[in-house]
Structures are given as structure tokens and as C-alpha cells.
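Asker: To be precise about what I am sending: the file is called protein_21.cif and holds mmCIF, C-alpha atoms.
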data_target
#
loop_
_atom_site.label_atom_id
_atom_site.label_comp_id
_atom_site.auth_asym_id
_atom_site.auth_seq_id
_atom_site.Cartn_x
_atom_site.Cartn_y
_atom_site.Cartn_z
CA MET N 593 0.00 0.00 0.00
CA ASN N 594 1.25 3.46 -0.83
CA SER N 595 0.24 6.74 0.72
CA HIS N 596 -0.90 8.79 -2.24
CA SER N 597 -3.73 6.47 -3.27
CA SER N 598 -6.08 8.67 -1.28
CA ASP N 599 -5.67 11.47 -3.77
CA LYS N 600 -4.17 9.73 -6.80
CA LYS N 601 -6.63 11.38 -9.20
CA GLY N 602 -5.91 14.88 -7.85
CA ILE N 603 -2.15 14.36 -8.15
CA LEU N 604 -2.49 13.02 -11.72
CA ARG N 605 -4.64 16.00 -12.67
CA ARG N 606 -1.96 18.37 -11.34
CA LEU N 607 0.81 16.52 -13.22
CA ARG N 608 -1.16 16.62 -16.51
CA ARG N 609 -1.61 20.37 -16.11
CA ILE N 610 2.15 20.76 -15.51
CA GLN N 611 2.77 18.58 -18.61
CA GLY N 612 0.65 21.11 -20.54
CA GLN N 613 2.63 24.03 -19.08
CA VAL N 614 5.94 22.47 -20.19
CA SER N 615 4.56 21.78 -23.72
CA GLY N 616 3.46 25.41 -23.80
CA LEU N 617 6.99 26.45 -22.85
CA GLU N 618 8.43 24.46 -25.76
CA ARG N 619 6.02 26.16 -28.19
CA MET N 620 6.90 29.58 -26.75
CA VAL N 621 10.64 28.99 -27.28
CA GLU N 622 10.07 27.55 -30.78
CA ASP N 623 7.99 30.63 -31.69
CA ASP N 624 10.72 32.95 -30.35
CA SER N 625 8.51 34.38 -27.59
CA TYR N 626 10.02 37.15 -25.51
CA CYS N 627 12.27 35.60 -22.85
CA ILE N 628 10.69 37.44 -19.93
CA ASP N 629 7.35 35.84 -20.89
CA VAL N 630 9.04 32.42 -21.03
CA LEU N 631 10.59 33.05 -17.59
CA THR N 632 7.19 33.99 -16.15
CA GLN N 633 5.76 30.67 -17.38
CA ILE N 634 8.75 28.74 -15.97
CA SER N 635 8.12 30.36 -12.56
CA ALA N 636 4.46 29.26 -12.82
CA ALA N 637 5.41 25.66 -13.72
CA THR N 638 7.95 25.55 -10.87
CA ALA N 639 5.33 26.77 -8.39
CA ALA N 640 2.87 24.15 -9.71
CA LEU N 641 5.45 21.35 -9.25
CA GLN N 642 6.11 22.53 -5.69
CA ALA N 643 2.37 22.64 -4.92
CA CYS N 644 2.08 19.07 -6.26
CA ALA N 645 4.99 17.96 -4.05
CA LEU N 646 3.39 19.60 -1.00
CA ALA N 647 0.07 17.81 -1.69
CA LEU N 648 1.88 14.45 -2.01
CA LEU N 649 3.87 15.09 1.15
CA ASP N 650 0.77 16.05 3.14
CA ASP N 651 -0.84 12.78 2.01
CA HIS N 652 2.32 10.85 2.91
CA LEU N 653 2.48 12.33 6.43
CA HIS N 654 -1.23 11.64 7.08
CA CYS N 655 -1.05 8.03 5.81
CA CYS N 656 2.34 6.25 5.58
CA VAL N 657 4.10 8.18 8.33
CA ALA N 658 1.12 8.20 10.72
CA ASP N 659 0.64 4.42 10.19
CA ALA N 660 4.31 3.70 10.91
CA VAL N 661 4.30 5.94 14.01
CA THR N 662 1.18 4.18 15.34
CA ARG N 663 2.99 0.83 15.03
CA GLY N 664 6.05 2.40 16.72
CA GLY N 665 9.65 1.17 17.02
CA ASP N 666 12.61 1.69 14.70
CA ALA N 667 10.41 1.56 11.58
CA ALA N 668 8.57 4.66 12.86
CA ARG N 669 11.79 6.61 13.40
CA GLU N 670 13.10 5.58 9.96
CA LYS N 671 9.86 6.70 8.28
CA VAL N 672 10.10 10.13 9.95
CA ASP N 673 13.80 10.43 8.99
CA GLU N 674 12.93 9.56 5.39
CA ALA N 675 10.17 12.20 5.32
CA SER N 676 12.56 14.80 6.83
CA GLN N 677 15.11 14.11 4.10
CA ALA N 678 12.47 14.47 1.37
CA ILE N 679 11.39 17.79 2.94
CA ALA N 680 15.03 18.99 2.93
CA ARG N 681 15.34 18.14 -0.80
CA LEU N 682 12.16 20.12 -1.52
CA VAL N 683 13.25 23.15 0.51
CA ARG N 684 16.65 23.19 -1.24
CA SER N 685 15.35 22.61 -4.81
CA MET B 562 14.69 39.94 -32.27
CA ASN B 563 14.59 38.02 -29.04
CA SER B 564 17.43 37.21 -26.69
CA HIS B 565 17.29 33.43 -26.42
CA SER B 566 17.90 32.72 -30.11
CA SER B 567 21.59 32.31 -29.31
CA ASP B 568 20.89 29.11 -27.41
CA LYS B 569 17.40 28.18 -28.62
CA LYS B 570 18.42 24.55 -29.29
CA GLY B 571 19.94 24.10 -25.84
CA ILE B 572 16.83 25.52 -24.14
CA LEU B 573 14.53 23.27 -26.21
CA ARG B 574 16.63 20.23 -25.33
CA ARG B 575 16.33 21.08 -21.63
CA LEU B 576 12.54 21.55 -21.91
CA ARG B 577 12.10 18.21 -23.74
CA ARG B 578 14.04 16.46 -20.98
CA ILE B 579 11.79 18.13 -18.35
CA GLN B 580 8.75 17.03 -20.42
CA GLY B 581 10.11 13.45 -20.12
CA GLN B 582 10.59 13.86 -16.36
CA VAL B 583 6.98 15.00 -15.92
CA SER B 584 5.68 12.09 -18.08
CA GLY B 585 7.77 9.78 -15.90
CA LEU B 586 6.13 11.29 -12.81
CA GLU B 587 2.65 10.56 -14.22
CA ARG B 588 3.62 6.91 -14.85
CA MET B 589 5.08 6.63 -11.32
CA VAL B 590 1.84 7.88 -9.76
CA GLU B 591 -0.31 5.66 -12.04
CA ASP B 592 1.84 2.64 -11.05
CA ASP B 593 1.46 3.52 -7.33
CA SER B 594 5.19 4.16 -6.84
CA TYR B 595 6.30 4.95 -3.31
CA CYS B 596 5.62 8.64 -2.59
CA ILE B 597 9.14 9.41 -1.38
CA ASP B 598 10.44 8.25 -4.80
CA VAL B 599 7.87 10.46 -6.53
CA LEU B 600 8.95 13.41 -4.34
CA THR B 601 12.61 12.83 -5.23
CA GLN B 602 11.72 13.01 -8.94
CA ILE B 603 9.65 16.16 -8.40
CA SER B 604 12.68 17.80 -6.70
CA ALA B 605 14.80 16.81 -9.73
CA ALA B 606 12.26 18.26 -12.22
CA THR B 607 12.01 21.48 -10.17
CA ALA B 608 15.81 21.84 -10.16
CA ALA B 609 15.87 21.22 -13.95
CA LEU B 610 13.24 23.93 -14.53
CA GLN B 611 15.24 26.37 -12.40
CA ALA B 612 18.45 25.55 -14.30
CA CYS B 613 16.58 26.18 -17.57
CA ALA B 614 15.32 29.54 -16.24
CA LEU B 615 18.85 30.51 -15.19
CA ALA B 616 20.23 29.65 -18.66
CA LEU B 617 17.49 31.75 -20.32
CA LEU B 618 18.09 34.64 -17.92
CA ASP B 619 21.85 34.58 -18.52
CA ASP B 620 21.16 34.75 -22.26
CA HIS B 621 18.67 37.59 -21.75
CA LEU B 622 21.14 39.65 -19.68
CA HIS B 623 23.97 39.16 -22.20
CA CYS B 624 21.78 40.05 -25.23
CA CYS B 625 18.52 42.00 -24.71
CA VAL B 626 19.53 43.82 -21.54
CA ALA B 627 23.09 44.59 -22.71
CA ASP B 628 21.74 45.92 -26.06
CA ALA B 629 19.21 48.18 -24.31
CA VAL B 630 21.83 49.47 -21.86
CA THR B 631 24.23 50.26 -24.73
CA ARG B 632 21.48 52.37 -26.37
CA GLY B 633 20.81 54.02 -22.98
CA GLY B 634 17.91 56.20 -21.80
CA ASP B 635 14.60 55.22 -20.23
CA ALA B 636 14.37 52.02 -22.31
CA ALA B 637 17.58 50.78 -20.64
CA ARG B 638 16.26 51.41 -17.14
CA GLU B 639 12.94 49.71 -18.01
CA LYS B 640 14.75 46.65 -19.40
CA VAL B 641 16.79 46.31 -16.19
CA ASP B 642 13.65 46.77 -14.04
CA GLU B 643 11.88 44.07 -16.05
CA ALA B 644 14.83 41.66 -15.58
CA SER B 645 14.91 42.42 -11.83
CA GLN B 646 11.22 41.57 -11.53
CA ALA B 647 11.71 38.27 -13.40
CA ILE B 648 14.62 37.42 -11.06
CA ALA B 649 12.41 38.17 -8.03
CA ARG B 650 9.71 35.80 -9.38
CA LEU B 651 12.34 33.06 -9.84
CA VAL B 652 13.82 33.52 -6.35
CA ARG B 653 10.34 33.41 -4.79
CA SER B 654 9.03 30.44 -6.82
CA MET J 1454 6.40 20.51 26.79
CA ASN J 1455 7.74 21.58 23.43
CA SER J 1456 9.43 19.49 20.76
CA HIS J 1457 12.74 21.27 20.24
CA SER J 1458 14.01 20.80 23.80
CA SER J 1459 15.88 17.71 22.64
CA ASP J 1460 18.27 19.83 20.62
CA LYS J 1461 17.74 23.30 22.10
CA LYS J 1462 21.50 23.90 22.47
CA GLY J 1463 22.22 22.93 18.87
CA ILE J 1464 19.47 25.22 17.55
CA LEU J 1465 20.69 28.14 19.70
CA ARG J 1466 24.25 27.61 18.45
CA ARG J 1467 23.01 27.75 14.85
CA LEU J 1468 21.00 30.94 15.51
CA ARG J 1469 24.00 32.67 17.16
CA ARG J 1470 26.13 31.84 14.14
CA ILE J 1471 23.42 33.32 11.85
CA GLN J 1472 23.33 36.39 14.13
CA GLY J 1473 27.08 36.73 13.47
CA GLN J 1474 26.56 36.36 9.72
CA VAL J 1475 23.94 39.15 9.70
CA SER J 1476 26.23 41.44 11.79
CA GLY J 1477 28.99 40.69 9.29
CA LEU J 1478 26.62 41.70 6.47
CA GLU J 1479 25.96 45.06 8.16
CA ARG J 1480 29.71 45.73 8.47
CA MET J 1481 30.24 44.76 4.81
CA VAL J 1482 27.58 47.22 3.63
CA GLU J 1483 28.89 49.98 5.96
CA ASP J 1484 32.42 49.42 4.58
CA ASP J 1485 31.11 49.58 0.98
CA SER J 1486 32.09 45.99 0.18
CA TYR J 1487 31.51 44.87 -3.38
CA CYS J 1488 27.83 43.92 -3.80
CA ILE J 1489 28.51 40.50 -5.29
CA ASP J 1490 30.43 39.63 -2.09
CA VAL J 1491 27.51 40.87 0.02
CA LEU J 1492 25.10 38.76 -2.09
CA THR J 1493 27.27 35.66 -1.58
CA GLN J 1494 27.09 36.17 2.19
CA ILE J 1495 23.31 36.70 2.04
CA SER J 1496 22.97 33.37 0.17
CA ALA J 1497 25.06 31.71 2.92
CA ALA J 1498 22.91 33.22 5.71
CA THR J 1499 19.71 32.18 3.90
CA ALA J 1500 20.99 28.60 3.54
CA ALA J 1501 21.94 28.58 7.27
CA LEU J 1502 18.44 29.75 8.26
CA GLN J 1503 16.89 27.01 6.10
CA ALA J 1504 19.18 24.37 7.63
CA CYS J 1505 18.13 25.58 11.09
CA ALA J 1506 14.45 25.34 10.11
CA LEU J 1507 14.96 21.80 8.77
CA ALA J 1508 16.66 20.73 12.04
CA LEU J 1509 13.77 22.19 14.07
CA LEU J 1510 11.19 20.55 11.82
CA ASP J 1511 12.90 17.15 12.04
CA ASP J 1512 12.82 17.45 15.83
CA HIS J 1513 9.17 18.52 15.72
CA LEU J 1514 8.14 15.54 13.55
CA HIS J 1515 10.04 13.05 15.77
CA CYS J 1516 8.60 14.45 19.05
CA CYS J 1517 5.40 16.57 18.95
CA VAL J 1518 3.89 15.07 15.82
CA ALA J 1519 4.82 11.46 16.67
CA ASP J 1520 3.38 11.90 20.21
CA ALA J 1521 0.10 13.29 18.87
CA VAL J 1522 -0.19 10.54 16.24
CA THR J 1523 0.40 7.87 18.91
CA ARG J 1524 -2.49 9.31 20.95
CA GLY J 1525 -4.59 9.43 17.73
CA GLY J 1526 -7.90 11.16 16.98
CA ASP J 1527 -8.57 14.67 15.67
CA ALA J 1528 -5.59 16.11 17.58
CA ALA J 1529 -3.28 13.85 15.54
CA ARG J 1530 -4.75 15.01 12.23
CA GLU J 1531 -4.54 18.66 13.29
CA LYS J 1532 -0.88 18.27 14.31
CA VAL J 1533 -0.03 16.77 10.91
CA ASP J 1534 -1.98 19.54 9.10
CA GLU J 1535 -0.11 22.17 11.12
CA ALA J 1536 3.27 20.59 10.22
CA SER J 1537 2.26 20.42 6.53
CA GLN J 1538 1.42 24.12 6.53
CA ALA J 1539 4.78 24.99 8.15
CA ILE J 1540 6.55 22.87 5.49
CA ALA J 1541 4.65 24.74 2.74
CA ARG J 1542 5.76 28.11 4.20
CA LEU J 1543 9.39 26.90 4.23
CA VAL J 1544 9.28 25.57 0.65
CA ARG J 1545 7.77 28.85 -0.57
CA SER J 1546 10.08 31.21 1.38
CA MET H 1358 32.91 52.93 -6.38
CA ASN H 1359 30.42 50.24 -5.46
CA SER H 1360 26.89 49.79 -6.68
CA HIS H 1361 24.89 49.73 -3.48
CA SER H 1362 25.86 53.24 -2.35
CA SER H 1363 22.68 54.55 -3.97
CA ASP H 1364 20.56 52.80 -1.36
CA LYS H 1365 23.08 52.01 1.38
CA LYS H 1366 20.77 53.36 4.11
CA GLY H 1367 17.81 51.31 2.94
CA ILE H 1368 19.90 48.12 2.82
CA LEU H 1369 21.31 48.77 6.32
CA ARG H 1370 17.80 49.38 7.66
CA ARG H 1371 16.67 46.01 6.21
CA LEU H 1372 19.70 44.20 7.71
CA ARG H 1373 19.09 45.73 11.17
CA ARG H 1374 15.48 44.55 11.04
CA ILE H 1375 16.68 41.03 10.10
CA GLN H 1376 19.19 41.22 12.99
CA GLY H 1377 16.21 41.93 15.28
CA GLN H 1378 14.28 38.98 13.81
CA VAL H 1379 17.19 36.60 14.48
CA SER H 1380 17.58 37.92 18.08
CA GLY H 1381 13.85 37.35 18.52
CA LEU H 1382 14.31 33.76 17.28
CA GLU H 1383 17.00 33.15 19.92
CA ARG H 1384 14.69 34.43 22.67
CA MET H 1385 11.84 32.25 21.37
CA VAL H 1386 14.01 29.12 21.48
CA GLU H 1387 15.41 30.04 24.95
CA ASP H 1388 11.84 30.53 26.21
CA ASP H 1389 10.78 27.15 24.76
CA SER H 1390 8.29 28.68 22.33
CA TYR H 1391 6.24 26.25 20.27
CA CYS H 1392 8.33 25.05 17.31
CA ILE H 1393 5.70 25.86 14.68
CA ASP H 1394 5.83 29.51 15.87
CA VAL H 1395 9.64 29.46 15.64
CA LEU H 1396 9.41 28.00 12.11
CA THR H 1397 6.97 30.74 11.05
CA GLN H 1398 9.48 33.39 12.23
CA ILE H 1399 12.34 31.61 10.42
CA SER H 1400 10.29 31.69 7.19
CA ALA H 1401 9.74 35.44 7.73
CA ALA H 1402 13.48 36.09 8.32
CA THR H 1403 14.39 34.03 5.24
CA ALA H 1404 11.93 36.01 3.10
CA ALA H 1405 13.37 39.28 4.48
CA LEU H 1406 16.95 38.19 3.61
CA GLN H 1407 15.81 37.30 0.07
CA ALA H 1408 14.06 40.66 -0.33
CA CYS H 1409 17.27 42.39 0.82
CA ALA H 1410 19.30 40.39 -1.72
CA LEU H 1411 16.86 41.30 -4.50
CA ALA H 1412 17.11 45.01 -3.60
CA LEU H 1413 20.94 44.82 -3.66
CA LEU H 1414 20.90 42.94 -6.95
CA ASP H 1415 18.54 45.45 -8.58
CA ASP H 1416 20.90 48.23 -7.50
CA HIS H 1417 23.90 46.28 -8.81
CA LEU H 1418 22.29 45.71 -12.24
CA HIS H 1419 21.28 49.38 -12.58
CA CYS H 1420 24.72 50.70 -11.55
CA CYS H 1421 27.80 48.40 -11.76
CA VAL H 1422 26.53 46.15 -14.54
CA ALA H 1423 25.03 48.98 -16.62
CA ASP H 1424 28.27 51.00 -16.30
CA ALA H 1425 30.41 48.04 -17.41
CA VAL H 1426 28.09 47.28 -20.35
CA THR H 1427 28.21 50.92 -21.49
CA ARG H 1428 32.04 50.73 -21.54
CA GLY H 1429 31.75 47.37 -23.41
CA GLY H 1430 34.37 44.71 -24.13
CA ASP H 1431 35.39 41.68 -22.09
CA ALA H 1432 34.85 43.52 -18.78
CA ALA H 1433 31.16 43.92 -19.68
CA ARG H 1434 30.72 40.21 -20.41
CA GLU H 1435 32.53 39.28 -17.18
CA LYS H 1436 30.32 41.62 -15.14
CA VAL H 1437 27.18 40.02 -16.60
CA ASP H 1438 28.58 36.50 -15.98
CA GLU H 1439 29.33 37.43 -12.37
CA ALA H 1440 25.79 38.77 -11.87
CA SER H 1441 24.32 35.58 -13.45
CA GLN H 1442 26.29 33.42 -11.02
CA ALA H 1443 25.10 35.48 -8.03
CA ILE H 1444 21.49 35.11 -9.29
CA ALA H 1445 21.98 31.32 -9.55
CA ARG H 1446 23.22 31.18 -5.94
CA LEU H 1447 20.16 33.15 -4.79
CA VAL H 1448 17.69 30.97 -6.73
CA ARG H 1449 19.28 27.81 -5.31
CA SER H 1450 19.59 29.02 -1.68
#
Can you give me the file's structure in the form of C-alpha cells?
Answerer:
Amino acid sequence: MNSHSSDKKGILRRLRRIQGQVSGLERMVEDDSYCIDVLTQISAATAALQACALALLDDHLHCCVADAVTRGGDAAREKVDEASQAIARLVRS
Amino acid sequence: MNSHSSDKKGILRRLRRIQGQVSGLERMVEDDSYCIDVLTQISAATAALQACALALLDDHLHCCVADAVTRGGDAAREKVDEASQAIARLVRS
Amino acid sequence: MNSHSSDKKGILRRLRRIQGQVSGLERMVEDDSYCIDVLTQISAATAALQACALALLDDHLHCCVADAVTRGGDAAREKVDEASQAIARLVRS
Amino acid sequence: MNSHSSDKKGILRRLRRIQGQVSGLERMVEDDSYCIDVLTQISAATAALQACALALLDDHLHCCVADAVTRGGDAAREKVDEASQAIARLVRS
């Protein structure tokens, strides 16, 4: 069992929209759009990816991590460590 | 004339690779991959989008902005203001 | 009881070092240091603040959040929501 | 001559306010404040440091970089490269 099943459809919808944003970026560059406009769209796609990551992470904390913590022991601590490391990668990217 | 023509091919190559990363993310979620693995790939795609933005911005400063500054006047100041605002959006996204 | 007591000394040490970095920044600007050097130091102070936040958050997940989840119920869900929102603020800042 | 002289006072005022925010963070941790409240203040201090960096960078582009570009040659290209690298450090921190 994985933790994002609870909102799999919502996550897939977000990813498809981001897919569309990146295709749009390719068309903009092919059509020689003004670079500031391209940069604005890249900022929007980056923010959308981050929002998607935050939704996944929220799901993961509420399901996987909470389940492991309820069972307790080393597995619980490892699950929290793993989540912390994923958070650090997100904050730094 | 736009400023990213000098490295249009390189920017398009980067965007196609990001497109592939986002498609890969959709498959991972459809296949119920472990959320921490999905998050790791989202961090990688975010970093790739930021690197693409930085390449575009570098191009824009060397071409568009430098050309406007050489001509001088209000247009130069506006071009620098516009670049500053795009940088602020990138830093905050 | 609060969750960062376990590493209160470590967090305070980090904050004092950041305090020193910000004082150093003031001296650099007063002495008319070159702005690129000032910007490099600002990036270092920002990264240090983020590292401090990640250490605090790791502590918070291992203590406060794990305790609440073990007790279960609405309080557990609220604690996880609250942590998620703090993570979102960190990712966006 | 350095580029941030035009708004040296404004930059120093921002840095002193950030200094106050970091002192406040130390007091919060010493007084065992709730970690989510500490994290909220860290996000605020991080955002203030970034805003200070963006103000310095805007100044630097309008003065130092514009001056170098007007004079032209290799020095102009180097100045733009240097600014690009500082922007990359900011985006990644």
C-alpha cells in the first residue's frame, strides 16, 4: 500500500496540467517568444510542481508516516527520517 | 529579435528532458510508486526547470539587456527593471 | 512541553552563528564591500536559516507530531496539518 | 565605487530589522516557544533576507553592470557572468 492512493486522481490532474505548461513552454521557445514571458511561465510551472509535491507530502504524512508511528519502534523513526530528508530536498530545490 | 535565439536549441533540449521527467512522474503515480520516490523526482524536475530559467536569464542579460543598456535612456532602465522583476519571481518560486 | 528541547542547544548555536553572519553583512555594507560579495554572504545566511528550520522541523516531527499521532484522533490530524502548513511556508520562502 | 551606495541606508535598515528577527528567534528558542511559531518566524526572516538580496541585486544591475556594459568589451561580459552566477546562488539558496 502506498500513501498517495487517497488522492491519486488529484495528483495526476496536477501533473497533466504541468505537462501542458511544459509543452506550452516548448512552443513559446520555438515561436521565439520574448524571454521574460518564457521566464514567467517557468516560474508558474515551478510553483505548480512545488504545490504538487506539497500535496503528495501532506498525504504521505497523514497516511504512511502516521501508520508507521502508530505501530512504533525503529520503523517509525526511519519513516520520519525519510520524510525529513524528502522535505530537505524540496526546501533546497 | 529576441534574446534566447543564441541558445534556442539548448533551451529546447532542456525543456524536452523536463517534459520526459513530468511524463515519468505521471507513470510513477499511475503505477502507485512509493511517494518518497515520486517526491525525489519532483525535486529533480524542479531543479531542472530552475536551471533552464537561469540559462534563459543569462542569455537575456547578455543580449537583450546589454543591447538596451548600450542604447541608454529610459528604455535601458525599463529593461533592467523588467529583468529584476523576473529574477524576483524566480527567487520566490 | 515543546518538541525542540531535545536539541535546544544545537538550535541556539546555529541561531547565534546566523546572528554573526547578519552582523557581518551590516559591516560589509557599511564598509562599501563589493555587492557580489555581500550577495554571496546573504545566500550563505539564507541557507543557514533554512538548515536551522529543517533541524527544528525534524525534531518537531520526531517528538510533537509522533506523540500526537500515537495518541490518535482529531488532535493527531490537526498536528499533521499544522506541520504540513509549516513545510509549505518553508518551501515557498 | 560600489553599486549599493545609492541605497546604502535602505539596505542597512533592512539588515538591522533582520538582525532583530534573528535575536527574537534566539529568545523564542530560549523561552521554549512552540516550534511551529519558531518555524513561522524563520520563514519570515528568510523572506526578508531574500528581499534584501533582490534590492541589492537590482541596484547592482542598474549601476555596476550597466556601467560596465556601457564601456563594453570583455569587462562587460565578465560583469554580466558574475551577476548571473550570483542570481543562480540566490535561486538555489
Asker: Starting from the displayed file, determine the output of the PyMOL selection byres ((chain H) within 8 of (chain B)) and express the residue list as a count of residues only.
Answerer: 18
Asker: Let me know the residues the PyMOL selection byres ((chain B and resi 592-596) around 10) catches in the file above, as JSON, numbers by chain.
Answerer: {"N": [593, 594, 595, 596, 597, 600, 645, 648, 649, 651, 652, 656, 675, 678], "B": [586, 587, 588, 589, 590, 591, 597, 598, 599, 600, 601, 602]}
Asker: Using only C-alpha atoms, which residue out of J:Ile1495, J:Glu1535, J:Cys1516, J:Leu1502 lies closest to J:Arg1470?
Answerer: J:Leu1502
Asker: One decimal, Å: what's the distance from atom CA of B:Leu576 over to atom CA of N:Gln611, could you say?
Answerer: 10.7 Å
Asker: In Å to one decimal, how far is atom CA of H:Gln1378 from atom CA of H:Ala1402?
Answerer: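 For atom CA of H:Ala1402 relative to atom CA of H:Gln1378, the distance reads 6.3 Å.
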Asker: Please compute the atom CA of B:Ser584-atom CA of N:Gly602 distance, one decimal, in Å.
Answerer: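 Atom CA of N:Gly602 lies 15.7 Å from atom CA of B:Ser584.
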Asker: Could you give me stretch 570-583 of chain B completed to N, CA, C and O atoms, formatted as a compact mmCIF listing (two decimals), keeping the file's coordinate frame?
Answerer:
# COMPACT_ATOMS: atom_id res chain seq x y z
N LYS B 570 18.36 26.03 -29.26
CA LYS B 570 18.42 24.55 -29.29
C LYS B 570 18.67 23.96 -27.92
O LYS B 570 18.05 22.98 -27.53
N GLY B 571 19.60 24.60 -27.18
CA GLY B 571 19.94 24.10 -25.84
C GLY B 571 18.74 24.20 -24.91
O GLY B 571 18.48 23.29 -24.12
N ILE B 572 18.01 25.32 -25.00
CA ILE B 572 16.83 25.52 -24.14
C ILE B 572 15.76 24.50 -24.49
O ILE B 572 15.15 23.89 -23.59
N LEU B 573 15.55 24.26 -25.79
CA LEU B 573 14.53 23.27 -26.21
C LEU B 573 14.90 21.87 -25.75
O LEU B 573 14.03 21.11 -25.32
N ARG B 574 16.18 21.54 -25.80
CA ARG B 574 16.63 20.23 -25.33
C ARG B 574 16.33 20.07 -23.84
O ARG B 574 15.83 19.03 -23.41
N ARG B 575 16.63 21.12 -23.07
CA ARG B 575 16.33 21.08 -21.63
C ARG B 575 14.82 20.87 -21.39
O ARG B 575 14.41 20.08 -20.55
N LEU B 576 14.00 21.64 -22.13
CA LEU B 576 12.54 21.55 -21.91
C LEU B 576 12.01 20.17 -22.28
O LEU B 576 11.13 19.64 -21.61
N ARG B 577 12.57 19.56 -23.36
CA ARG B 577 12.10 18.21 -23.74
C ARG B 577 12.46 17.19 -22.67
O ARG B 577 11.69 16.28 -22.38
N ARG B 578 13.65 17.37 -22.05
CA ARG B 578 14.04 16.46 -20.98
C ARG B 578 13.10 16.63 -19.76
O ARG B 578 12.69 15.65 -19.15
N ILE B 579 12.72 17.87 -19.47
CA ILE B 579 11.79 18.13 -18.35
C ILE B 579 10.42 17.51 -18.67
O ILE B 579 9.78 16.91 -17.81
N GLN B 580 9.99 17.67 -19.95
CA GLN B 580 8.75 17.03 -20.42
C GLN B 580 8.80 15.53 -20.10
O GLN B 580 7.84 14.96 -19.58
N GLY B 581 9.94 14.88 -20.40
CA GLY B 581 10.11 13.45 -20.12
C GLY B 581 10.05 13.17 -18.62
O GLY B 581 9.47 12.16 -18.20
N GLN B 582 10.64 14.06 -17.82
CA GLN B 582 10.59 13.86 -16.36
C GLN B 582 9.15 13.93 -15.84
O GLN B 582 8.75 13.14 -14.98
N VAL B 583 8.36 14.86 -16.39
CA VAL B 583 6.98 15.00 -15.92
C VAL B 583 6.13 13.80 -16.38
O VAL B 583 5.31 13.29 -15.62
